Amino acid sequence: MTDETAAQALSARARRGAPPMPYASTPSARTIAPPLHVSGPGGPWEKVRADLRREGAAVVFATWGEWLTAALADAELRPLLGRDWQRYRRTEDAATRYRFVTSRMIVKYTAAAALRTEPAALDLAYKIGGRPYIRGFDQIDVSLSHTEDLIVVGVSRTGRIGVDTEAAGRRMSFELLHQQVCTPTEHAELTRMAGERQASELLRLWTLKEAYTKALGQGLRLGFTEFGFGLESGGLLAPDGSPASRGEWAFATYPVLGGAYLVSTACHDTGLDASRDTAVHTMLDEGFMSAVEEDLATP
């Protein structure tokens with residue numbers, strides 16, 4: 001996406017308006033683990049499950065070329081893709097088709113690792129706007145992002161998750177985009193920075209905002225100037241610079257593949273998750289089970 005295209009898209013966001021933001025007062029102490037490089041179907045999936053248990057979320061990344069051989073050699077590719085099979089077959093451009101099939105494989109394998117089941121057993125579906133989800137398994141939330149050769153997938157057991165990635169070498173025009181991207185507080189902070197640092201901070205800010213809007217499920221409906229981030233603290237802020245989270249949101253940006261790309265993650269904690277177990281065959285809602293047992297015990 002060019003800066004001109006980005007500016008036009010963001011102007012359209014502003015014209016459509018945005019829902020009101022629930023402002024609060026304190027930053028999050030939660031951390032998000034660094035993204036894990038998963039170069040093929042072999043994993044390391046246990047590390048993904050460990051991040052889910054420890055942090056509540058896990059993020060993986062790979063290039064589509066790393067997965068392509070496995071995709072093309074998979075005799076069970078059609079049942080693995082499920083409802084995406086026809087879209088895969090209809091896509092004429094080879095690079096687009098290969099990126100599509102590998103990205104769906106990575107989503108399914110990552111979700112299967114979290115749920116401790118087989119990838120082909122999962123039904124990958126899409127909400128309005130294209131956000132993926134695993135039909136019938138609401139114990140995890142899923143997010144997908146890709147740029148150039150890189151594919152990034154995030155999964156969370158505590159609430160909504162959004163991921164976004166950009167090539168670290170991309171240079172965005174502050175002069176062209178600041179009115180569509182930055183709150184007044186962010187604009188003031190960025191204006192005080194020198195050229196190279198200003199460019200890198202603007203790119204990081206862009207990926208954080210993309211990740212957050214994906215997590216909210218708002219997409220193009222939420223204007224980037226309706227919320228902000230502390231460029232030093234990384235916390236969620238209102239447009240006037242006041243804190244906008246009570247700690248239920250966590251954010252992180254990490255370089256991957258030797259610094260060639262940035263990956264940003266936004267992760268929400270509903271505060272309702274009491275179990276670290278997301279496995280299909282063993283996860284039980286303790287509150288629900290207690291209510292059932294109590295009801296059964298009542299004469």
# chains A, B, ... in the order shown; residues from 1 in each chain; ligands from 1
$ select_by_dssp --residues "region 28-69 of chain A" --states "strand (DSSP E or B)" --output "number ranges by chain"
A: 36-37, 57-63
$ residues_around --residues "Gly136 (chain A)" --least-positions-apart "4" --cutoff "10 Å" --atoms "only C-alpha atoms" --output "PyMOL selection string"
chain A and resi 122-125
$ select_by_dssp --residues "region 165-229 of chain A" --states "alpha helix (DSSP H)" --output "ChimeraX atom specification"
/A:174-181,184-191,195-216
$ residues_around --residues "region 61-77 of chain A" --least-positions-apart "3" --cutoff "9 Å" --atoms "only C-alpha atoms" --output "MDAnalysis selection string"
chainID A and resid 35:41 80:82 85 98:103 105:106 120 148:154 256:257 263
$ atom_distance --atom1 "CA of Gln218 (chain A)" --atom2 "CA of Ala244 (chain A)"
17.2 Å
$ residues_around --residues "Asp51 (chain A)" --least-positions-apart "4" --cutoff "12 Å" --atoms "only C-alpha atoms" --output "PyMOL selection string"
chain A and resi 31-36+44-47+55-60+113-114+154-157+276
$ write_last_selection --atoms "C-alpha atoms" --output "PDB file, in the first residue's frame"
ATOM      1  CA  THR A  31       3.611  -8.966  28.627  1.00  0.00           C
ATOM      2  CA  ILE A  32       3.388 -10.490  25.168  1.00  0.00           C
ATOM      3  CA  ALA A  33       5.968 -13.133  24.297  1.00  0.00           C
ATOM      4  CA  PRO A  34       8.208 -12.570  21.250  1.00  0.00           C
ATOM      5  CA  PRO A  35       6.899 -14.117  18.023  1.00  0.00           C
ATOM      6  CA  LEU A  36       8.040 -17.695  17.383  1.00  0.00           C
ATOM      7  CA  PRO A  44       7.938 -26.018  17.472  1.00  0.00           C
ATOM      8  CA  TRP A  45       4.325 -26.239  18.662  1.00  0.00           C
ATOM      9  CA  GLU A  46       5.125 -26.997  22.283  1.00  0.00           C
ATOM     10  CA  LYS A  47       6.643 -23.509  22.559  1.00  0.00           C
ATOM     11  CA  GLU A  55       1.199 -15.319  28.761  1.00  0.00           C
ATOM     12  CA  GLY A  56      -2.293 -16.119  27.517  1.00  0.00           C
ATOM     13  CA  ALA A  57      -1.338 -15.563  23.874  1.00  0.00           C
ATOM     14  CA  ALA A  58       1.143 -16.765  21.287  1.00  0.00           C
ATOM     15  CA  VAL A  59       2.328 -15.297  17.982  1.00  0.00           C
ATOM     16  CA  VAL A  60       4.047 -17.266  15.206  1.00  0.00           C
ATOM     17  CA  ALA A 113      -1.521 -26.664  18.509  1.00  0.00           C
ATOM     18  CA  ALA A 114      -3.485 -24.464  20.897  1.00  0.00           C
ATOM     19  CA  GLY A 154      -1.709 -14.781  16.660  1.00  0.00           C
ATOM     20  CA  VAL A 155      -3.829 -16.895  19.026  1.00  0.00           C
ATOM     21  CA  SER A 156      -5.177 -15.925  22.441  1.00  0.00           C
ATOM     22  CA  ARG A 157      -7.057 -17.757  25.202  1.00  0.00           C
ATOM     23  CA  ARG A 276      -4.914 -22.362  31.109  1.00  0.00           C
TER      24      ARG A 276
END
$ decode --residues "region 26-141 of chain A" --atoms "C-alpha atoms" --output "short mmCIF file (atom, residue, chain, number, x, y, z; two decimals), in the first residue's frame"
data_model
loop_
_atom_site.label_atom_id
_atom_site.label_comp_id
_atom_site.auth_asym_id
_atom_site.auth_seq_id
_atom_site.Cartn_x
_atom_site.Cartn_y
_atom_site.Cartn_z
CA THR A 26 -3.76 2.79 34.14
CA PRO A 27 -1.23 0.96 31.92
CA SER A 28 -1.00 -2.82 31.53
CA ALA A 29 1.58 -4.91 33.38
CA ARG A 30 0.95 -7.90 31.11
CA THR A 31 3.61 -8.97 28.63
CA ILE A 32 3.39 -10.49 25.17
CA ALA A 33 5.97 -13.13 24.30
CA PRO A 34 8.21 -12.57 21.25
CA PRO A 35 6.90 -14.12 18.02
CA LEU A 36 8.04 -17.70 17.38
CA HIS A 37 9.55 -18.72 14.04
CA VAL A 38 7.67 -21.80 12.85
CA SER A 39 9.30 -22.81 9.58
CA GLY A 40 7.04 -25.76 8.81
CA PRO A 41 4.30 -28.11 10.02
CA GLY A 42 6.73 -29.71 12.46
CA GLY A 43 6.60 -26.80 14.85
CA PRO A 44 7.94 -26.02 17.47
CA TRP A 45 4.32 -26.24 18.66
CA GLU A 46 5.12 -27.00 22.28
CA LYS A 47 6.64 -23.51 22.56
CA VAL A 48 3.39 -22.09 21.21
CA ARG A 49 1.45 -23.95 23.88
CA ALA A 50 3.93 -22.79 26.53
CA ASP A 51 3.40 -19.13 25.54
CA LEU A 52 -0.36 -19.66 25.69
CA ARG A 53 -0.15 -21.15 29.18
CA ARG A 54 2.26 -18.54 30.50
CA GLU A 55 1.20 -15.32 28.76
CA GLY A 56 -2.29 -16.12 27.52
CA ALA A 57 -1.34 -15.56 23.87
CA ALA A 58 1.14 -16.77 21.29
CA VAL A 59 2.33 -15.30 17.98
CA VAL A 60 4.05 -17.27 15.21
CA PHE A 61 5.61 -16.19 11.93
CA ALA A 62 7.00 -17.83 8.80
CA THR A 63 7.59 -17.08 5.15
CA TRP A 64 5.17 -18.67 2.73
CA GLY A 65 8.11 -20.23 0.89
CA GLU A 66 9.05 -22.20 4.00
CA TRP A 67 5.64 -23.90 4.02
CA LEU A 68 5.07 -24.19 0.29
CA THR A 69 6.71 -27.59 -0.24
CA ALA A 70 4.70 -29.09 2.60
CA ALA A 71 1.50 -27.57 1.19
CA LEU A 72 2.01 -28.86 -2.33
CA ALA A 73 3.11 -32.30 -1.14
CA ASP A 74 0.21 -32.76 1.28
CA ALA A 75 -2.08 -35.48 -0.07
CA GLU A 76 -4.75 -34.31 2.41
CA LEU A 77 -4.59 -30.66 1.37
CA ARG A 78 -8.22 -30.52 0.21
CA PRO A 79 -9.76 -31.68 3.53
CA LEU A 80 -7.23 -29.55 5.39
CA LEU A 81 -8.34 -26.40 3.54
CA GLY A 82 -12.01 -27.29 3.82
CA ARG A 83 -14.20 -24.39 2.64
CA ASP A 84 -11.07 -22.54 1.40
CA TRP A 85 -10.27 -25.23 -1.17
CA GLN A 86 -12.37 -23.67 -3.95
CA ARG A 87 -10.90 -20.22 -3.37
CA TYR A 88 -7.42 -21.73 -3.53
CA ARG A 89 -8.18 -23.48 -6.81
CA ARG A 90 -9.83 -20.40 -8.36
CA THR A 91 -6.91 -18.06 -7.61
CA GLU A 92 -5.09 -17.61 -10.92
CA ASP A 93 -1.95 -15.72 -9.85
CA ALA A 94 0.55 -18.30 -8.61
CA ALA A 95 2.19 -16.14 -5.92
CA THR A 96 -1.21 -15.10 -4.52
CA ARG A 97 -2.41 -18.71 -4.57
CA TYR A 98 0.67 -20.00 -2.75
CA ARG A 99 0.53 -17.23 -0.15
CA PHE A 100 -3.14 -18.01 0.42
CA VAL A 101 -2.70 -21.75 0.92
CA THR A 102 0.31 -21.44 3.21
CA SER A 103 -1.30 -18.74 5.33
CA ARG A 104 -4.38 -20.92 5.88
CA MET A 105 -2.18 -23.88 6.74
CA ILE A 106 -0.27 -21.81 9.32
CA VAL A 107 -3.53 -20.57 10.87
CA LYS A 108 -4.91 -24.11 11.15
CA TYR A 109 -1.70 -25.66 12.48
CA THR A 110 -1.32 -22.87 15.05
CA ALA A 111 -4.94 -23.18 16.20
CA ALA A 112 -4.60 -26.98 16.28
CA ALA A 113 -1.52 -26.66 18.51
CA ALA A 114 -3.48 -24.46 20.90
CA LEU A 115 -6.47 -26.82 20.90
CA ARG A 116 -4.36 -30.01 20.90
CA THR A 117 -6.18 -31.50 17.94
CA GLU A 118 -5.57 -32.17 14.26
CA PRO A 119 -5.51 -29.21 11.81
CA ALA A 120 -7.94 -30.91 9.40
CA ALA A 121 -10.47 -31.27 12.24
CA LEU A 122 -10.87 -27.48 12.41
CA ASP A 123 -13.26 -25.40 10.32
CA LEU A 124 -11.70 -22.04 9.50
CA ALA A 125 -14.44 -19.46 8.87
CA TYR A 126 -14.56 -15.69 8.40
CA LYS A 127 -16.53 -12.88 9.91
CA ILE A 128 -17.75 -9.83 7.98
CA GLY A 129 -14.60 -7.97 6.98
CA GLY A 130 -12.56 -11.16 6.65
CA ARG A 131 -11.48 -11.75 10.24
CA PRO A 132 -10.77 -15.50 10.67
CA TYR A 133 -12.12 -17.65 13.48
CA ILE A 134 -12.31 -21.35 14.29
CA ARG A 135 -15.93 -22.39 14.06
CA GLY A 136 -17.18 -24.04 17.25
CA PHE A 137 -14.07 -23.30 19.36
CA ASP A 138 -14.50 -19.95 21.06
CA GLN A 139 -11.89 -20.75 23.72
CA ILE A 140 -9.31 -19.17 21.41
CA ASP A 141 -9.25 -16.06 19.24
#
